[in-house]
Amino acid sequence: MPAMESLSDEELISQFRGQGCQAGDKRIDILFERHYPRVSLWCLRFTGNRDTAADLSQEIFLNVHKHLDSFRGDAKFSTWLYTITRNQCRNKWRATQATPEESMEPIIEASAADSAPDAYSLLETSELAGRMKQLMQDALEPIEQRVMTLHYVDEMPLESITRLLGLTNASGAKAYIVSARRKLNAAAARSKGGPNVHK
Amino acid sequence: MSTSNWEREVMRRALEQTADCPVLDELTAESRSVVVEAHLKSCAHCQNELALFSEFSTADVRPQEAGDVSWVAVKTAERVKAALSPAPWWKTIFAPQFVKQASFGMAALLMVASGAFYASRTSTEPAFPSETPTASTLRASSIQLIEPLEDINSTPSSFQWEEFTNCSDYQVIVSEVDRMQIWSSRTTKSGMPIPEQLKKQVLPGKTLLWKVIAYDAAGKQLAESETRKFRVAVK
Ligand SMILES: [Zn+2]
């Protein structure tokens with residue numbers, strides 16, 4: 001079916017909707033075949049286990065299929081699929097973690113945790129977050145910012161971050177978070193004009 | 001809120017999307033608008049989003065995971081196909097056309113993916129921070145550093161520099177980009193193997209700085225190299 005194969009992802013979806021969204025539509029096969037490898041790779045890196053990855057990736061595509069009619073015509077399928085993939089991975093991880101925060105406690109180094117809250121105790125959290133954003137921009141390298149985002153915003157397990165970003169050092173993502181926190185502390189101390197509490 | 005939860009909240013807010021952030025489709029557009037481009041330059045969140053998306057869409061399959069990726073992709077295809085098919089599931093799974101397509105898709109991915117990855121990763125990263133030294137800080141009578149310099153492919157095994165005349169010994173100093181010293185050692189030779197303890201701190205994608213200072217027999221400083229950076233490529 002050469003004509004259909006040469007259509008873009010978005011054209012396939014638009015035609016599929018025109019047909020009244022029949023299950024088993026050839027267009028959906030073609031569309032999904034293009035993306036199985038990418039999603040599989042992401043799930044595999046996220047879970048570190050091929051059985052769990054296959055479960056997750058299957059759920060993602062069935063979810064995508066279920067919501068195809070809510071896909072905006074002017075959007076890009078690849079970014080939409082990516083967003084769904086990321087959310088589903090996060091939900092899956094949260095569901096298996098009764099207390100995700102506690103499990104990640106050890107990465108917070110005593111030296112880093114001690115000084116920051118005292119230094120900023122009078123500032124509102126949001127104002128502080130704004131300043132922290134600037135510090136991150138100034139003091140951290142792209143790879144460190146990426147690790148911090150996956151850790152704090154996506155709440156991704158450290159081993160998943162290590163695999164997703166291909167970090168080959170012995171302690172993986174944890175080492176980046178430790179060094180990023182130290183840099184942020186040092187930068188915060190400098191920006192206040194006060195003495196740097198860390199040697 | 002406990003200290004760690006409060007910190008976590010500050011970090012999360014600092015890194016999450018703001019009202020000004022464009023949607024991913026705008027960030028990934030082939031020609032970004034001037035406004036989006038300007039925003040991207042100043043927003044770590046959007047830089048991260050873009051980098052992670054390119055990780056998703058163009059990441060190279062590493063040799064050790066190739067077998068598992070194929071397995072997951074084929075399993076996913078089988079199950080999705082079965083779940084969506086109005087026909088009995090076993091008919092669909094054994095249809096020859098389907099099997100051919102699934103394996104072709106995977107082969108294409110494995111071939112196309114190699115090479116595209118590193119280029120896309122580096123293109124989304126901003127240049128080094130301006131405080132990072134450049135070759136222009138070179139001094140006239142300084143020690144010349146040989147390696148490691150700039151971007152390298154694997155963790156270096158030693159530091160090498162050119163011999164400086166009349167010098168008794170050298171000190172090698174390694175620091176992070178914010179100038180915090182993380183290691184220092186002395187030697188009488190014009191090179192030094194990198195110990196395991198320091199190798200652990202040489203993280204892929206992270207820039208480190210190093211310099212060498214030459215001393216005479218009385219311990220007086222004779223010369224100093226420029227400070228140079230090096231960074232091991234990710235993967
Ligand atoms: Zn933004």
# chains A, B, ... in the order shown; residues from 1 in each chain; ligands from 1
call {"tool": "residues_around", "arguments": {"residues": "B:Gln171", "least_positions_apart": "5", "cutoff": "6 Å", "atoms": "only C-alpha atoms", "output": "PyMOL selection string"}}
result
chain B and resi 185-186+212-213
call {"tool": "residues_near_ligand", "arguments": {"ligand": "ligand 1", "cutoff": "9 Å", "atoms": "only C-alpha atoms and all ligand atoms", "output": "number ranges by chain"}}
result
B: 16-23, 36, 39-47, 49
call {"tool": "closest_atom_pairs", "arguments": {"of": "chain B", "to": "chain A", "cutoff": "8 Å", "atoms": "only C-alpha atoms", "output": "tab-separated table"}}
result
residue	atom	partner	partner_atom	distance
B:Thr3	CA	A:Pro117	CA	7.0
B:Ser4	CA	A:Ala113	CA	7.3
B:Asn5	CA	A:Glu101	CA	7.8
B:Glu7	CA	A:Pro117	CA	7.6
B:Arg8	CA	A:Tyr152	CA	6.6
B:Glu9	CA	A:Thr125	CA	7.9
B:Val10	CA	A:Ala129	CA	5.0
B:Met11	CA	A:Tyr152	CA	6.4
B:Arg12	CA	A:Tyr152	CA	5.1
B:Arg13	CA	A:Ala129	CA	5.7
B:Ala14	CA	A:Lys133	CA	4.6
B:Leu15	CA	A:Thr149	CA	6.0
B:Glu16	CA	A:Val153	CA	6.3
B:Leu24	CA	A:Thr79	CA	6.7
B:Asp25	CA	A:Lys76	CA	6.5
B:Ser42	CA	A:Gln137	CA	7.9
B:Cys43	CA	A:Gln137	CA	7.7
B:Ala44	CA	A:Gln137	CA	6.1
B:His45	CA	A:Thr149	CA	7.8
B:Asn48	CA	A:Arg146	CA	5.5
B:Leu52	CA	A:Arg146	CA	7.8
B:Phe53	CA	A:Tyr82	CA	7.2
B:Glu55	CA	A:Leu165	CA	7.8
B:Phe56	CA	A:Trp42	CA	6.6
B:Ser57	CA	A:Arg38	CA	6.6
B:Val61	CA	A:Leu41	CA	7.6
B:Asp68	CA	A:Arg50	CA	6.2
B:Val69	CA	A:Leu41	CA	5.5
B:Ser70	CA	A:Pro37	CA	7.2
B:Trp71	CA	A:Arg50	CA	7.7
B:Val72	CA	A:Ala54	CA	5.0
B:Ala73	CA	A:Tyr36	CA	5.3
B:Lys75	CA	A:Ala54	CA	6.4
B:Thr76	CA	A:Gln58	CA	5.1
B:Ala77	CA	A:Tyr36	CA	7.0
B:Arg79	CA	A:Gln58	CA	6.8
B:Val80	CA	A:Gln58	CA	6.1
B:Lys81	CA	A:Gly24	CA	7.4
B:Leu84	CA	A:Gly24	CA	5.5
B:Ser85	CA	A:Gly24	CA	4.7
B:Pro86	CA	A:Gly24	CA	6.4
B:Gln101	CA	A:Glu33	CA	7.6
B:Ala102	CA	A:Glu33	CA	6.6
B:Gly105	CA	A:Arg34	CA	6.6
B:Met106	CA	A:Pro37	CA	6.3
B:Leu109	CA	A:Pro37	CA	7.0
B:Glu125	CA	A:Pro142	CA	6.4
B:Pro126	CA	A:Pro142	CA	7.7
B:Pro129	CA	A:Asp138	CA	7.5
B:Asp178	CA	A:Lys183	CA	7.2
B:Lys200	CA	A:Asn169	CA	6.8
B:Val202	CA	A:Asn169	CA	7.9
B:Leu203	CA	A:Asn169	CA	6.0
B:Pro204	CA	A:Leu167	CA	6.5
B:Gly205	CA	A:Ile143	CA	6.1
B:Lys206	CA	A:Glu141	CA	7.0
B:Val234	CA	A:Leu167	CA	6.6
B:Lys235	CA	A:Gly166	CA	5.6
call {"tool": "decode", "arguments": {"residues": "stretch 2-16 of chain A", "atoms": "N, CA and C atoms", "output": "mmCIF file, in the first residue's frame"}}
result
data_model
loop_
_atom_site.group_PDB
_atom_site.id
_atom_site.type_symbol
_atom_site.label_atom_id
_atom_site.label_comp_id
_atom_site.auth_asym_id
_atom_site.auth_seq_id
_atom_site.Cartn_x
_atom_site.Cartn_y
_atom_site.Cartn_z
ATOM 1 N N PRO A 2 1.525 1.544 -1.094
ATOM 2 C CA PRO A 2 2.524 2.605 -1.109
ATOM 3 C C PRO A 2 1.959 3.990 -0.766
ATOM 4 N N ALA A 3 0.753 4.290 -1.206
ATOM 5 C CA ALA A 3 0.199 5.619 -0.965
ATOM 6 C C ALA A 3 0.083 5.894 0.529
ATOM 7 N N MET A 4 -0.427 4.914 1.255
ATOM 8 C CA MET A 4 -0.640 5.107 2.685
ATOM 9 C C MET A 4 0.685 5.205 3.444
ATOM 10 N N GLU A 5 1.659 4.400 2.998
ATOM 11 C CA GLU A 5 2.964 4.393 3.664
ATOM 12 C C GLU A 5 3.639 5.762 3.588
ATOM 13 N N SER A 6 3.354 6.484 2.513
ATOM 14 C CA SER A 6 4.065 7.749 2.341
ATOM 15 C C SER A 6 3.365 8.924 3.025
ATOM 16 N N LEU A 7 2.241 8.657 3.655
ATOM 17 C CA LEU A 7 1.547 9.742 4.359
ATOM 18 C C LEU A 7 2.271 10.077 5.666
ATOM 19 N N SER A 8 2.121 11.335 6.112
ATOM 20 C CA SER A 8 2.714 11.717 7.392
ATOM 21 C C SER A 8 1.868 11.134 8.523
ATOM 22 N N ASP A 9 2.409 11.129 9.729
ATOM 23 C CA ASP A 9 1.669 10.637 10.904
ATOM 24 C C ASP A 9 0.323 11.360 11.018
ATOM 25 N N GLU A 10 0.369 12.675 10.873
ATOM 26 C CA GLU A 10 -0.819 13.489 11.072
ATOM 27 C C GLU A 10 -1.861 13.222 9.979
ATOM 28 N N GLU A 11 -1.386 12.989 8.742
ATOM 29 C CA GLU A 11 -2.319 12.674 7.650
ATOM 30 C C GLU A 11 -2.997 11.324 7.888
ATOM 31 N N LEU A 12 -2.232 10.375 8.401
ATOM 32 C CA LEU A 12 -2.807 9.057 8.699
ATOM 33 C C LEU A 12 -3.920 9.189 9.740
ATOM 34 N N ILE A 13 -3.666 9.986 10.761
ATOM 35 C CA ILE A 13 -4.669 10.150 11.819
ATOM 36 C C ILE A 13 -5.912 10.829 11.257
ATOM 37 N N SER A 14 -5.693 11.840 10.451
ATOM 38 C CA SER A 14 -6.828 12.568 9.892
ATOM 39 C C SER A 14 -7.690 11.650 9.006
ATOM 40 N N GLN A 15 -7.032 10.795 8.212
ATOM 41 C CA GLN A 15 -7.782 9.841 7.369
ATOM 42 C C GLN A 15 -8.518 8.814 8.227
ATOM 43 N N PHE A 16 -7.833 8.379 9.270
ATOM 44 C CA PHE A 16 -8.410 7.385 10.180
ATOM 45 C C PHE A 16 -9.697 7.923 10.806
#
